[in-house]
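Visitor: Got a file for you: entry-v3.txt, compact mmCIF, C-alpha atoms and all ligand atoms.
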# COMPACT_ATOMS: atom_id res chain seq x y z
CA MET A 1291 0.00 0.00 0.00
CA THR A 1292 1.21 3.51 -0.76
CA GLN A 1293 2.09 5.14 2.52
CA LEU A 1294 0.76 8.62 3.21
CA THR A 1295 3.35 11.09 2.04
CA SER A 1296 5.52 12.07 4.91
CA THR A 1297 8.95 11.89 6.30
CA ASP A 1298 8.84 11.79 10.08
CA LEU A 1299 7.52 10.05 13.21
CA PHE A 1300 4.71 12.54 13.67
CA SER A 1301 2.84 11.98 10.44
CA PRO A 1302 -0.14 9.67 9.83
CA VAL A 1303 0.35 6.29 8.22
CA HIS A 1304 -1.73 3.40 6.88
CA LEU A 1305 -1.40 0.17 8.82
CA GLY A 1306 -3.74 -2.53 7.55
CA PRO A 1307 -7.26 -1.07 7.61
CA TYR A 1308 -6.26 1.69 10.02
CA ILE A 1309 -4.89 5.19 9.58
CA LEU A 1310 -2.64 5.82 12.55
CA PRO A 1311 -2.15 9.42 13.72
CA ASN A 1312 1.61 8.95 14.09
CA ARG A 1313 4.34 6.38 13.37
CA ILE A 1314 5.34 5.87 16.99
CA VAL A 1315 4.55 2.31 18.11
CA MET A 1316 4.69 1.03 21.68
CA ALA A 1317 6.80 -2.15 21.47
CA PRO A 1318 5.53 -5.30 23.23
CA MET A 1319 6.79 -5.47 26.83
CA THR A 1320 6.32 -8.24 29.38
CA ARG A 1321 5.65 -6.66 32.78
CA ASN A 1322 4.69 -9.74 34.89
CA ARG A 1323 1.76 -8.00 36.51
CA ALA A 1324 -1.17 -10.22 35.51
CA GLY A 1325 -3.67 -11.16 38.21
CA ALA A 1326 -5.19 -14.48 39.31
CA GLY A 1327 -5.31 -17.10 36.56
CA ASN A 1328 -2.85 -14.97 34.54
CA ALA A 1329 -5.72 -12.64 33.61
CA PRO A 1330 -5.25 -8.88 33.11
CA THR A 1331 -6.74 -6.62 35.80
CA PRO A 1332 -7.75 -2.92 36.00
CA ILE A 1333 -4.17 -1.79 36.72
CA ASN A 1334 -3.07 -3.31 33.40
CA ALA A 1335 -5.90 -1.41 31.68
CA THR A 1336 -4.71 1.86 33.27
CA TYR A 1337 -1.13 1.24 32.12
CA TYR A 1338 -2.08 0.67 28.50
CA ALA A 1339 -4.69 3.48 28.41
CA GLN A 1340 -2.04 5.91 29.67
CA ARG A 1341 -0.06 5.10 26.51
CA ALA A 1342 -3.00 5.40 24.06
CA THR A 1343 -1.44 8.31 22.14
CA ALA A 1344 0.85 5.76 20.44
CA GLY A 1345 0.06 5.30 16.78
CA LEU A 1346 -0.27 1.65 17.78
CA ILE A 1347 0.23 -0.27 21.04
CA VAL A 1348 1.47 -3.85 20.86
CA SER A 1349 0.67 -5.68 24.09
CA GLU A 1350 3.11 -7.72 26.11
CA GLY A 1351 3.54 -11.33 24.96
CA SER A 1352 0.49 -13.39 25.93
CA GLN A 1353 0.71 -17.16 26.00
CA VAL A 1354 -1.67 -18.89 23.60
CA SER A 1355 -1.94 -22.00 25.80
CA PRO A 1356 -0.86 -23.35 29.21
CA GLN A 1357 1.97 -25.12 27.33
CA GLY A 1358 3.16 -21.77 25.97
CA PHE A 1359 3.57 -20.28 29.47
CA GLY A 1360 7.16 -19.45 30.45
CA TYR A 1361 7.38 -16.76 33.15
CA PRO A 1362 5.47 -15.95 36.35
CA ALA A 1363 2.50 -13.58 36.11
CA THR A 1364 2.46 -13.14 32.35
CA PRO A 1365 -1.04 -12.83 30.91
CA GLY A 1366 -2.56 -15.55 28.74
CA ILE A 1367 -5.17 -15.52 25.98
CA HIS A 1368 -6.56 -19.04 26.43
CA SER A 1369 -9.21 -18.84 29.20
CA PRO A 1370 -12.53 -16.98 29.55
CA GLU A 1371 -11.11 -15.04 32.54
CA GLN A 1372 -8.14 -13.90 30.46
CA ILE A 1373 -10.40 -12.82 27.58
CA ALA A 1374 -12.52 -10.83 30.06
CA GLY A 1375 -9.38 -9.30 31.57
CA TRP A 1376 -8.09 -8.25 28.16
CA GLN A 1377 -11.50 -6.76 27.37
CA LEU A 1378 -10.88 -4.30 30.24
CA VAL A 1379 -7.63 -3.32 28.53
CA THR A 1380 -9.02 -2.95 25.00
CA ASP A 1381 -12.02 -0.94 26.26
CA ALA A 1382 -9.75 1.41 28.21
CA VAL A 1383 -7.39 1.93 25.25
CA HIS A 1384 -10.29 2.53 22.85
CA ASN A 1385 -11.97 4.95 25.26
CA ALA A 1386 -8.69 6.86 25.35
CA GLY A 1387 -8.63 6.99 21.53
CA GLY A 1388 -5.93 4.36 20.90
CA ARG A 1389 -5.46 1.11 19.00
CA ILE A 1390 -3.97 -2.10 20.43
CA PHE A 1391 -2.75 -5.40 18.97
CA LEU A 1392 -2.19 -8.47 21.15
CA GLN A 1393 1.16 -10.26 20.93
CA LEU A 1394 0.60 -14.05 20.59
CA TRP A 1395 3.32 -15.99 22.41
CA HIS A 1396 4.50 -19.55 22.93
CA THR A 1397 7.77 -19.73 24.88
CA GLY A 1398 8.68 -23.31 23.84
CA ARG A 1399 11.87 -24.38 25.64
CA ILE A 1400 12.14 -21.06 27.56
CA SER A 1401 9.90 -22.46 30.29
CA HIS A 1402 10.23 -24.81 33.22
CA PRO A 1403 8.30 -27.88 34.46
CA SER A 1404 7.09 -25.86 37.47
CA LEU A 1405 5.24 -23.59 35.01
CA GLN A 1406 3.88 -26.39 32.81
CA PRO A 1407 0.62 -28.35 33.20
CA ASP A 1408 1.26 -31.45 35.38
CA GLY A 1409 4.93 -30.51 35.72
CA ALA A 1410 5.58 -31.64 32.12
CA LEU A 1411 8.76 -30.83 30.25
CA PRO A 1412 8.57 -27.71 28.06
CA VAL A 1413 8.32 -28.50 24.33
CA ALA A 1414 10.66 -27.45 21.53
CA PRO A 1415 11.63 -28.47 17.99
CA SER A 1416 14.60 -30.45 19.37
CA ALA A 1417 15.67 -31.72 22.79
CA ILE A 1418 18.37 -29.09 23.32
CA ALA A 1419 18.54 -27.25 26.65
CA PRO A 1420 19.16 -23.51 26.53
CA ALA A 1421 22.10 -22.22 28.56
CA GLY A 1422 20.96 -20.16 31.54
CA ASN A 1423 18.09 -20.06 33.98
CA ALA A 1424 14.32 -20.12 33.80
CA MET A 1425 12.43 -17.55 35.87
CA THR A 1426 10.08 -19.49 38.12
CA TYR A 1427 7.80 -18.75 41.08
CA THR A 1428 10.64 -19.83 43.37
CA GLY A 1429 13.36 -17.79 41.69
CA ASN A 1430 15.81 -18.69 38.94
CA GLN A 1431 16.28 -22.39 38.17
CA PRO A 1432 18.47 -23.93 35.47
CA PHE A 1433 16.72 -24.57 32.17
CA VAL A 1434 15.84 -28.23 31.58
CA THR A 1435 16.23 -30.20 28.36
CA PRO A 1436 12.89 -29.77 26.57
CA ARG A 1437 10.88 -32.54 24.91
CA ALA A 1438 11.06 -32.52 21.11
CA LEU A 1439 7.58 -32.23 19.59
CA GLU A 1440 6.41 -35.23 17.54
CA THR A 1441 5.59 -34.36 13.93
CA GLU A 1442 1.95 -35.32 14.53
CA GLU A 1443 1.70 -32.88 17.45
CA ILE A 1444 2.73 -29.81 15.48
CA PRO A 1445 -0.70 -29.07 13.93
CA ASP A 1446 -2.07 -28.90 17.48
CA VAL A 1447 0.53 -26.30 18.41
CA VAL A 1448 -0.38 -24.27 15.30
CA ASP A 1449 -3.99 -24.54 16.47
CA GLN A 1450 -3.00 -23.05 19.83
CA PHE A 1451 -2.04 -19.89 17.91
CA ARG A 1452 -5.27 -20.06 15.90
CA GLN A 1453 -7.32 -20.29 19.10
CA GLY A 1454 -5.32 -17.46 20.69
CA ALA A 1455 -6.08 -15.34 17.62
CA LYS A 1456 -9.81 -16.12 17.93
CA ASN A 1457 -9.72 -15.25 21.62
CA ALA A 1458 -7.97 -11.94 20.85
CA LEU A 1459 -10.78 -11.11 18.45
CA ALA A 1460 -13.30 -11.88 21.19
CA ALA A 1461 -11.37 -9.65 23.62
CA GLY A 1462 -11.80 -6.60 21.37
CA PHE A 1463 -8.26 -6.15 20.03
CA ASP A 1464 -7.62 -4.29 16.76
CA GLY A 1465 -5.22 -6.95 15.51
CA VAL A 1466 -2.54 -9.39 16.61
CA GLU A 1467 1.22 -9.64 16.40
CA ILE A 1468 2.80 -13.10 16.17
CA HIS A 1469 5.86 -13.32 18.44
CA GLY A 1470 8.48 -14.80 16.15
CA ALA A 1471 11.42 -13.21 17.96
CA PHE A 1472 13.81 -13.59 20.92
CA GLY A 1473 14.38 -17.32 20.91
CA TYR A 1474 10.81 -18.41 21.68
CA LEU A 1475 9.05 -21.31 19.95
CA ILE A 1476 8.71 -19.90 16.41
CA ASP A 1477 12.31 -18.66 16.47
CA GLN A 1478 13.41 -22.06 17.87
CA PHE A 1479 11.98 -23.72 14.75
CA LEU A 1480 13.51 -21.14 12.42
CA GLN A 1481 17.13 -21.20 13.61
CA ASP A 1482 19.38 -24.23 13.19
CA GLY A 1483 21.02 -23.89 16.62
CA THR A 1484 17.71 -25.03 18.15
CA ASN A 1485 16.20 -27.03 15.30
CA GLN A 1486 17.93 -30.28 14.43
CA ARG A 1487 14.84 -32.12 13.21
CA SER A 1488 14.93 -34.51 10.30
CA ASP A 1489 11.22 -34.27 9.37
CA MET A 1490 9.48 -31.64 7.21
CA TYR A 1491 9.99 -29.02 9.98
CA GLY A 1492 13.80 -29.29 10.05
CA GLY A 1493 16.89 -29.33 7.89
CA SER A 1494 16.55 -26.91 4.97
CA ILE A 1495 15.67 -23.25 5.58
CA LYS A 1496 12.37 -23.90 3.82
CA ASN A 1497 11.55 -26.66 6.30
CA ARG A 1498 12.64 -24.61 9.33
CA ALA A 1499 10.40 -21.73 8.21
CA ARG A 1500 7.42 -24.08 7.78
CA PHE A 1501 6.14 -23.76 11.36
CA LEU A 1502 6.31 -19.95 11.23
CA LEU A 1503 4.43 -19.85 7.93
CA GLU A 1504 1.80 -22.33 9.17
CA VAL A 1505 1.21 -20.12 12.22
CA VAL A 1506 0.89 -17.05 9.98
CA GLU A 1507 -1.58 -18.93 7.79
CA ALA A 1508 -3.68 -19.96 10.81
CA VAL A 1509 -3.72 -16.51 12.38
CA THR A 1510 -4.48 -14.71 9.11
CA ASP A 1511 -7.39 -17.16 8.57
CA VAL A 1512 -8.91 -15.71 11.74
CA TRP A 1513 -8.09 -12.02 11.34
CA GLY A 1514 -7.47 -11.41 7.64
CA ALA A 1515 -3.84 -10.68 6.78
CA ASN A 1516 -3.97 -6.91 7.11
CA ARG A 1517 -4.67 -6.97 10.87
CA VAL A 1518 -1.79 -9.36 11.58
CA GLY A 1519 1.83 -8.42 12.22
CA ILE A 1520 4.86 -10.54 13.04
CA LYS A 1521 7.98 -9.71 15.02
CA LEU A 1522 11.38 -11.18 14.08
CA SER A 1523 14.82 -10.56 15.61
CA PRO A 1524 17.47 -11.74 13.12
CA SER A 1525 20.49 -10.67 15.20
CA ASN A 1526 19.22 -11.59 18.65
CA THR A 1527 21.24 -13.86 20.94
CA PHE A 1528 18.96 -13.64 24.01
CA ASN A 1529 17.65 -17.04 25.18
CA ASP A 1530 20.70 -18.78 23.74
CA ILE A 1531 19.37 -18.71 20.19
CA HIS A 1532 21.70 -18.87 17.20
CA ASP A 1533 21.87 -19.82 13.56
CA SER A 1534 24.81 -20.78 11.35
CA ASP A 1535 23.68 -18.30 8.65
CA PRO A 1536 21.14 -15.79 10.01
CA LYS A 1537 21.31 -13.62 6.89
CA ALA A 1538 20.17 -16.52 4.69
CA THR A 1539 17.61 -17.84 7.19
CA PHE A 1540 15.93 -14.51 7.83
CA SER A 1541 16.14 -13.39 4.20
CA TYR A 1542 14.17 -16.50 3.26
CA ALA A 1543 11.57 -16.01 6.00
CA ILE A 1544 11.11 -12.30 5.28
CA ALA A 1545 10.78 -12.83 1.54
CA ALA A 1546 8.26 -15.63 2.15
CA LEU A 1547 6.15 -13.31 4.34
CA ASN A 1548 5.59 -10.99 1.36
CA SER A 1549 3.01 -13.39 -0.07
CA PHE A 1550 0.66 -12.77 2.87
CA GLU A 1551 0.54 -8.95 2.59
CA LEU A 1552 0.44 -8.70 6.38
CA GLY A 1553 -0.42 -5.55 8.30
CA TYR A 1554 3.26 -5.24 9.14
CA LEU A 1555 6.63 -6.85 9.72
CA HIS A 1556 8.26 -5.77 13.02
CA LEU A 1557 12.03 -6.16 12.78
CA MET A 1558 14.63 -5.73 15.49
CA GLU A 1559 18.00 -4.12 15.08
CA PRO A 1560 21.08 -5.81 16.58
CA THR A 1561 21.70 -4.63 20.15
CA PRO A 1562 25.04 -4.11 21.91
CA ALA A 1563 24.31 -7.31 23.90
CA ASP A 1564 23.90 -9.34 20.69
CA ILE A 1565 27.26 -8.11 19.50
CA ARG A 1566 28.86 -8.90 22.88
CA HIS A 1567 27.47 -12.43 22.71
CA GLY A 1568 29.01 -13.14 19.34
CA GLY A 1569 25.85 -12.73 17.23
CA LYS A 1570 26.15 -11.71 13.60
CA PRO A 1571 24.67 -8.22 13.62
CA ILE A 1572 22.53 -7.49 10.58
CA PRO A 1573 20.85 -4.07 10.53
CA VAL A 1574 17.18 -3.78 9.56
CA SER A 1575 18.23 -1.72 6.53
CA GLU A 1576 19.80 -4.86 5.00
CA PHE A 1577 16.44 -6.62 5.02
CA ARG A 1578 14.35 -3.64 3.88
CA PRO A 1579 14.80 -4.32 0.15
CA LEU A 1580 13.41 -7.84 0.64
CA TYR A 1581 10.11 -6.72 2.14
CA ALA A 1582 7.53 -4.91 0.03
CA TYR A 1583 5.01 -3.91 2.71
CA THR A 1584 4.78 -1.97 5.97
CA LEU A 1585 7.86 -2.34 8.14
CA ILE A 1586 8.26 -1.34 11.80
CA ALA A 1587 11.87 -1.00 12.96
CA ASN A 1588 12.78 -1.49 16.63
CA GLY A 1589 15.73 -1.44 18.97
CA GLY A 1590 17.66 1.49 20.38
CA TYR A 1591 15.73 4.16 18.48
CA ASP A 1592 15.31 7.74 19.63
CA ARG A 1593 13.69 10.77 17.98
CA GLU A 1594 16.59 11.51 15.66
CA LYS A 1595 17.25 7.92 14.57
CA GLY A 1596 13.53 7.25 14.15
CA ASN A 1597 12.98 10.28 11.96
CA ALA A 1598 16.03 9.38 9.90
CA ALA A 1599 14.87 5.77 9.35
CA ILE A 1600 11.49 6.99 8.11
CA ALA A 1601 12.97 9.75 5.97
CA ASN A 1602 15.38 7.41 4.20
CA GLY A 1603 12.81 4.63 3.76
CA ASP A 1604 14.42 2.03 6.06
CA ALA A 1605 11.18 1.90 8.08
CA ASP A 1606 7.56 3.03 7.79
CA LEU A 1607 7.09 3.15 11.57
CA VAL A 1608 9.37 2.85 14.59
CA SER A 1609 8.61 1.10 17.86
CA PHE A 1610 9.92 2.16 21.25
CA GLY A 1611 10.26 -0.20 24.20
CA ALA A 1612 11.99 1.12 27.32
CA LEU A 1613 11.26 4.75 26.44
CA PHE A 1614 7.52 4.08 26.12
CA LEU A 1615 7.52 2.12 29.37
CA ALA A 1616 8.91 5.18 31.16
CA ASN A 1617 7.07 7.89 29.22
CA PRO A 1618 3.33 7.35 28.92
CA ASP A 1619 3.08 10.47 26.72
CA LEU A 1620 6.11 9.56 24.59
CA PRO A 1621 4.66 10.84 21.26
CA GLU A 1622 4.04 14.29 22.77
CA ARG A 1623 7.48 14.38 24.39
CA LEU A 1624 9.16 13.37 21.13
CA ARG A 1625 7.14 15.95 19.20
CA LEU A 1626 8.19 18.69 21.60
CA ASN A 1627 11.72 17.27 21.71
CA THR A 1628 11.62 17.61 25.48
CA ALA A 1629 13.08 15.77 28.47
CA LEU A 1630 12.30 12.07 28.95
CA ASN A 1631 11.76 10.07 32.16
CA GLU A 1632 14.48 7.46 32.76
CA PRO A 1633 13.31 3.80 32.72
CA ASP A 1634 13.75 2.13 36.12
CA ARG A 1635 15.05 -1.38 35.38
CA ASN A 1636 14.34 -2.63 38.92
CA THR A 1637 10.59 -2.39 38.28
CA PHE A 1638 10.48 -3.79 34.72
CA TYR A 1639 9.37 -7.31 35.64
CA GLY A 1640 6.77 -7.76 38.38
CA GLY A 1641 5.58 -5.59 41.23
CA ASP A 1642 2.74 -3.11 41.55
CA GLU A 1643 1.97 0.38 40.26
CA LYS A 1644 5.49 1.57 41.12
CA GLY A 1645 7.42 1.78 37.87
CA TYR A 1646 4.24 0.80 36.03
CA THR A 1647 1.44 3.37 36.17
CA ASP A 1648 3.26 6.10 38.14
CA TYR A 1649 5.66 7.49 35.53
CA PRO A 1650 4.84 11.20 35.32
CA PHE A 1651 3.25 12.86 32.32
CA LEU A 1652 4.67 16.13 31.04
CA TYR A 1653 1.31 17.79 31.62
CA PRO A 1654 -0.38 16.28 34.67
CA THR A 1655 -3.84 17.12 33.30
CA THR A 1656 -3.44 14.43 30.66
CA ILE A 1657 -3.13 11.62 33.21
CA ILE A 1658 -5.80 8.97 32.69
CA HIS A 1659 -7.03 7.10 35.77
C1 LIG A 1701 10.58 -4.83 30.14
C2 LIG A 1701 10.65 -5.35 28.73
C3 LIG A 1701 9.86 -6.44 28.37
C4 LIG A 1701 9.86 -6.92 27.04
N1 LIG A 1701 8.98 -7.92 26.68
C5 LIG A 1701 8.84 -8.23 25.36
C6 LIG A 1701 7.78 -9.08 24.92
O1 LIG A 1701 6.92 -9.54 25.68
N2 LIG A 1701 7.72 -9.36 23.59
C7 LIG A 1701 8.65 -8.86 22.69
O2 LIG A 1701 8.55 -9.15 21.49
N3 LIG A 1701 9.62 -8.04 23.09
C8 LIG A 1701 9.73 -7.70 24.39
N4 LIG A 1701 10.69 -6.78 24.78
C9 LIG A 1701 11.56 -6.18 23.77
C10 LIG A 1701 10.96 -4.87 23.24
O3 LIG A 1701 9.75 -5.09 22.55
C11 LIG A 1701 11.96 -4.19 22.30
O4 LIG A 1701 12.23 -5.08 21.24
C12 LIG A 1701 13.26 -3.83 23.01
O5 LIG A 1701 13.01 -3.19 24.26
C13 LIG A 1701 14.12 -2.89 22.15
O6 LIG A 1701 13.47 -1.66 21.95
P1 LIG A 1701 13.96 -0.34 22.74
O7 LIG A 1701 15.43 -0.20 22.47
O8 LIG A 1701 13.15 0.79 22.16
O9 LIG A 1701 13.68 -0.56 24.19
C14 LIG A 1701 10.72 -6.32 26.09
C15 LIG A 1701 11.55 -5.25 26.47
C16 LIG A 1701 11.51 -4.76 27.76
C17 LIG A 1701 12.36 -3.57 28.12
Hey, can you dump this file as structure tokens for me?
Guide:
Amino acid sequence: MTQLTSTDLFSPVHLGPYILPNRIVMAPMTRNRAGAGNAPTPINATYYAQRATAGLIVSEGSQVSPQGFGYPATPGIHSPEQIAGWQLVTDAVHNAGGRIFLQLWHTGRISHPSLQPDGALPVAPSAIAPAGNAMTYTGNQPFVTPRALETEEIPDVVDQFRQGAKNALAAGFDGVEIHGAFGYLIDQFLQDGTNQRSDMYGGSIKNRARFLLEVVEAVTDVWGANRVGIKLSPSNTFNDIHDSDPKATFSYAIAALNSFELGYLHLMEPTPADIRHGGKPIPVSEFRPLYAYTLIANGGYDREKGNAAIANGDADLVSFGALFLANPDLPERLRLNTALNEPDRNTFYGGDEKGYTDYPFLYPTTIIH
């Protein structure tokens, strides 16, 4: 689709069926503040509504099934209570004039038996344990070796995403983003460091991308392609993910996504941590020529870098994580080019309203309660 003529973060843009008032997206951020039954509560609704001046909000990752659960107090999208909880959030964001997509998540091997139904092993493409620790209700515990999914089970896992997509529709979202990034299940299938299967889901790049494309197919069946986005992180090393040739793997996946004409592709830049951990950093600009539709760039952006990426065509929109977490009125602050609140890392994951709904607005009158 031809994008509305403009060259900066503060101009309207088409995204699927929507015209967004600006190109500033709130990136998905896990905050571990879901209530009983991993259902969102009114405080979560307040947090998102405070940020409704974003062109688009993408919610924190939300597990599509009990099997997809990987961290304490993350919200799900698989029970009636969770759908009702999310409805509080979508109503609050819409009442505040915003738009919100739900991020559909399955953590795969980045889980722990204490978080799984009946204490089962987490599932993955191959039985390879990640290095590091799982976050559990009793603190950090070493990751276990996951159970490799049987070929016959994989359609059921795709159906978990399909059901999550249906539930997101019922909860009043404006669209969904498939979490294909950061070493979670979809990424585990895609990259050869975690996928050593010998069936139709492993081996060649085409086979490793099959699960991702089947999930996209299932989710677009529910929503129509133009209200579906997908997030990929080609250079990421978090969660012990790696590939022998990320440029080739992600080039294939990104080119294959063109055929769906999705609402957007959300692509992450390499971070300093990825470079420290020996990843092969590939900037978003290298993938841009492969993708013909709306692209959201993410990772380490500020006002100047965001405007530059839009002006030179590397991105159509830019998403902001930590800065949006700490600045509920980020679009206004960026527009005025004014001071920003500092993100407090101690309150990122878990806790109460501190570091969640209490970041100050520039103009106190705009605070939404
Ligand atoms: C507290 C926190 C939680 C995050 N949780 C998620 C998540 O649930 N899903 C996801 O795709 N990315 C997640 N991310 C990554 C962000 O979406 C984004 O990619 C990252 O922060 C880089 O953008 P930034 O430099 O603007 O912060 C998280 C980041 C932060 C800071």
Visitor: So the first atom is atom CA of Pro1356 of chain A and the second is atom CA of Thr1380 of chain A; what is the distance between them in Å, to one decimal place?
Guide: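 Between atom CA of Pro1356 of chain A and atom CA of Thr1380 of chain A the gap works out to 22.4 Å.
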Visitor: If you count all atoms listed in the file, which residues end up within 6 Å of ligand LIG 1701 (chain A), as a PDB file with C-alpha atoms, in the coordinates of the input?
Guide:
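Written file, selection.pdb:
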ATOM      1  CA  ALA A1317       6.800  -2.150  21.470  1.00  0.00           C
ATOM      2  CA  PRO A1318       5.530  -5.300  23.230  1.00  0.00           C
ATOM      3  CA  MET A1319       6.790  -5.470  26.830  1.00  0.00           C
ATOM      4  CA  THR A1320       6.320  -8.240  29.380  1.00  0.00           C
ATOM      5  CA  ARG A1321       5.650  -6.660  32.780  1.00  0.00           C
ATOM      6  CA  GLU A1350       3.110  -7.720  26.110  1.00  0.00           C
ATOM      7  CA  GLY A1351       3.540 -11.330  24.960  1.00  0.00           C
ATOM      8  CA  HIS A1469       5.860 -13.320  18.440  1.00  0.00           C
ATOM      9  CA  ASN A1588      12.780  -1.490  16.630  1.00  0.00           C
ATOM     10  CA  GLY A1589      15.730  -1.440  18.970  1.00  0.00           C
ATOM     11  CA  GLY A1590      17.660   1.490  20.380  1.00  0.00           C
ATOM     12  CA  TYR A1591      15.730   4.160  18.480  1.00  0.00           C
ATOM     13  CA  PHE A1610       9.920   2.160  21.250  1.00  0.00           C
ATOM     14  CA  GLY A1611      10.260  -0.200  24.200  1.00  0.00           C
ATOM     15  CA  ALA A1612      11.990   1.120  27.320  1.00  0.00           C
ATOM     16  CA  PHE A1638      10.480  -3.790  34.720  1.00  0.00           C
TER      17      PHE A1638
END
Visitor: In the coordinate frame of the file, compute which residues have an atom within 6 Å of (5.2, -10.7, 13.3) when using only C-alpha atoms, and state them as a JSON list (two decimals) with C-alpha atoms, keeping the file's coordinate frame.
Guide:
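Produced file out.json, reproduced below:
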[["chain", "number", "residue", "atom", "x", "y", "z"],
["A", 1467, "GLU", "CA", 1.22, -9.64, 16.40],
["A", 1468, "ILE", "CA", 2.80, -13.10, 16.17],
["A", 1469, "HIS", "CA", 5.86, -13.32, 18.44],
["A", 1470, "GLY", "CA", 8.48, -14.80, 16.15],
["A", 1519, "GLY", "CA", 1.83, -8.42, 12.22],
["A", 1520, "ILE", "CA", 4.86, -10.54, 13.04],
["A", 1521, "LYS", "CA", 7.98, -9.71, 15.02],
["A", 1555, "LEU", "CA", 6.63, -6.85, 9.72],
["A", 1556, "HIS", "CA", 8.26, -5.77, 13.02]]
Visitor: I want to know what sits within 10 Å of Glu1371 of chain A, based on only C-alpha atoms, with residues of the same chain fewer than 6 positions away left out; could you give that as a VMD selection string?
Guide: chain A and resid 1326 to 1330 1377
Visitor: One number please: atom CA of Ile1390 of chain A to atom CA of Gln1450 of chain A, in Å, one decimal.
Guide: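 Atom CA of Ile1390 of chain A sits 21.0 Å away from atom CA of Gln1450 of chain A.
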Visitor: So, counting all atoms listed in the file, which residue among A:Met1425, A:Ala1417, A:Ala1374, A:Ala1605 is closest to Asn1485 of chain A?
Guide: A:Ala1417
Visitor: List as a list in words the protein and nucleic acid residues near Phe1528 of chain A, meaning an atom at most 8 Å away when all atoms listed in the file are counted, but skip any in the same chain fewer than 3 places from it.
Guide: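 That gives Phe1472, Gly1473, Ile1531 and Asp1564 of chain A.
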Visitor: How far is it from atom CA of Leu1502 of chain A to atom CA of Arg1452 of chain A, in Å with one decimal?
Guide: 12.5 Å
Visitor: Which of these residues is nearest to Phe1651 of chain A, using all atoms listed in the file: A:Arg1566, A:Arg1341, A:Arg1437, A:Arg1487?
Guide: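 Closest residue, counting all atoms listed in the file: A:Arg1341.
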Visitor: Counting only C-alpha atoms, which residue out of A:Asp1489, A:Glu1576, A:Asp1464, A:Asp1535 sits closest to Arg1517 of chain A?
Guide: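 Checking each of A:Asp1489, A:Glu1576, A:Asp1464, A:Asp1535 against Arg1517 of chain A, counting only C-alpha atoms, the winner is A:Asp1464.
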Visitor: Would you mind listing what lies within 12 Å of Ile1600 of chain A as a PyMOL selection string, with only C-alpha atoms counted and same-chain residues fewer than 2 positions away left out?
Guide: chain A and resi 1293-1301+1303+1312-1314+1575+1578+1584-1587+1591+1593-1598+1602-1609
Visitor: So, counting all atoms listed in the file, which residue among A:Val1354, A:Pro1302, A:Tyr1361, A:Thr1539 is closest to Tyr1639 of chain A?
Guide: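 For Tyr1639 of chain A, the nearest of the given residues is A:Tyr1361.
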Visitor: When distances are computed from only C-alpha atoms, which of A:Leu1630, A:Ala1414, A:Ala1339, A:Ala1460 shows the smallest separation from Tyr1491 of chain A?
Guide: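 The closest residue to Tyr1491 of chain A is A:Ala1414.
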Visitor: Give me, as a PyMOL selection string, all polymer residues having an atom no more than 8 Å from Pro1362 of chain A, counting all atoms listed in the file and skipping those fewer than 5 positions away in the same chain.
Guide: chain A and resi 1322+1405+1425-1427
Visitor: Any chance you can output those residues with C-alpha atoms as a CSV table (one decimal), in the coordinates of the input?
Guide:
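Resulting contents of again35.csv:
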chain,number,residue,atom,x,y,z
A,1322,ASN,CA,4.7,-9.7,34.9
A,1405,LEU,CA,5.2,-23.6,35.0
A,1425,MET,CA,12.4,-17.6,35.9
A,1426,THR,CA,10.1,-19.5,38.1
A,1427,TYR,CA,7.8,-18.8,41.1
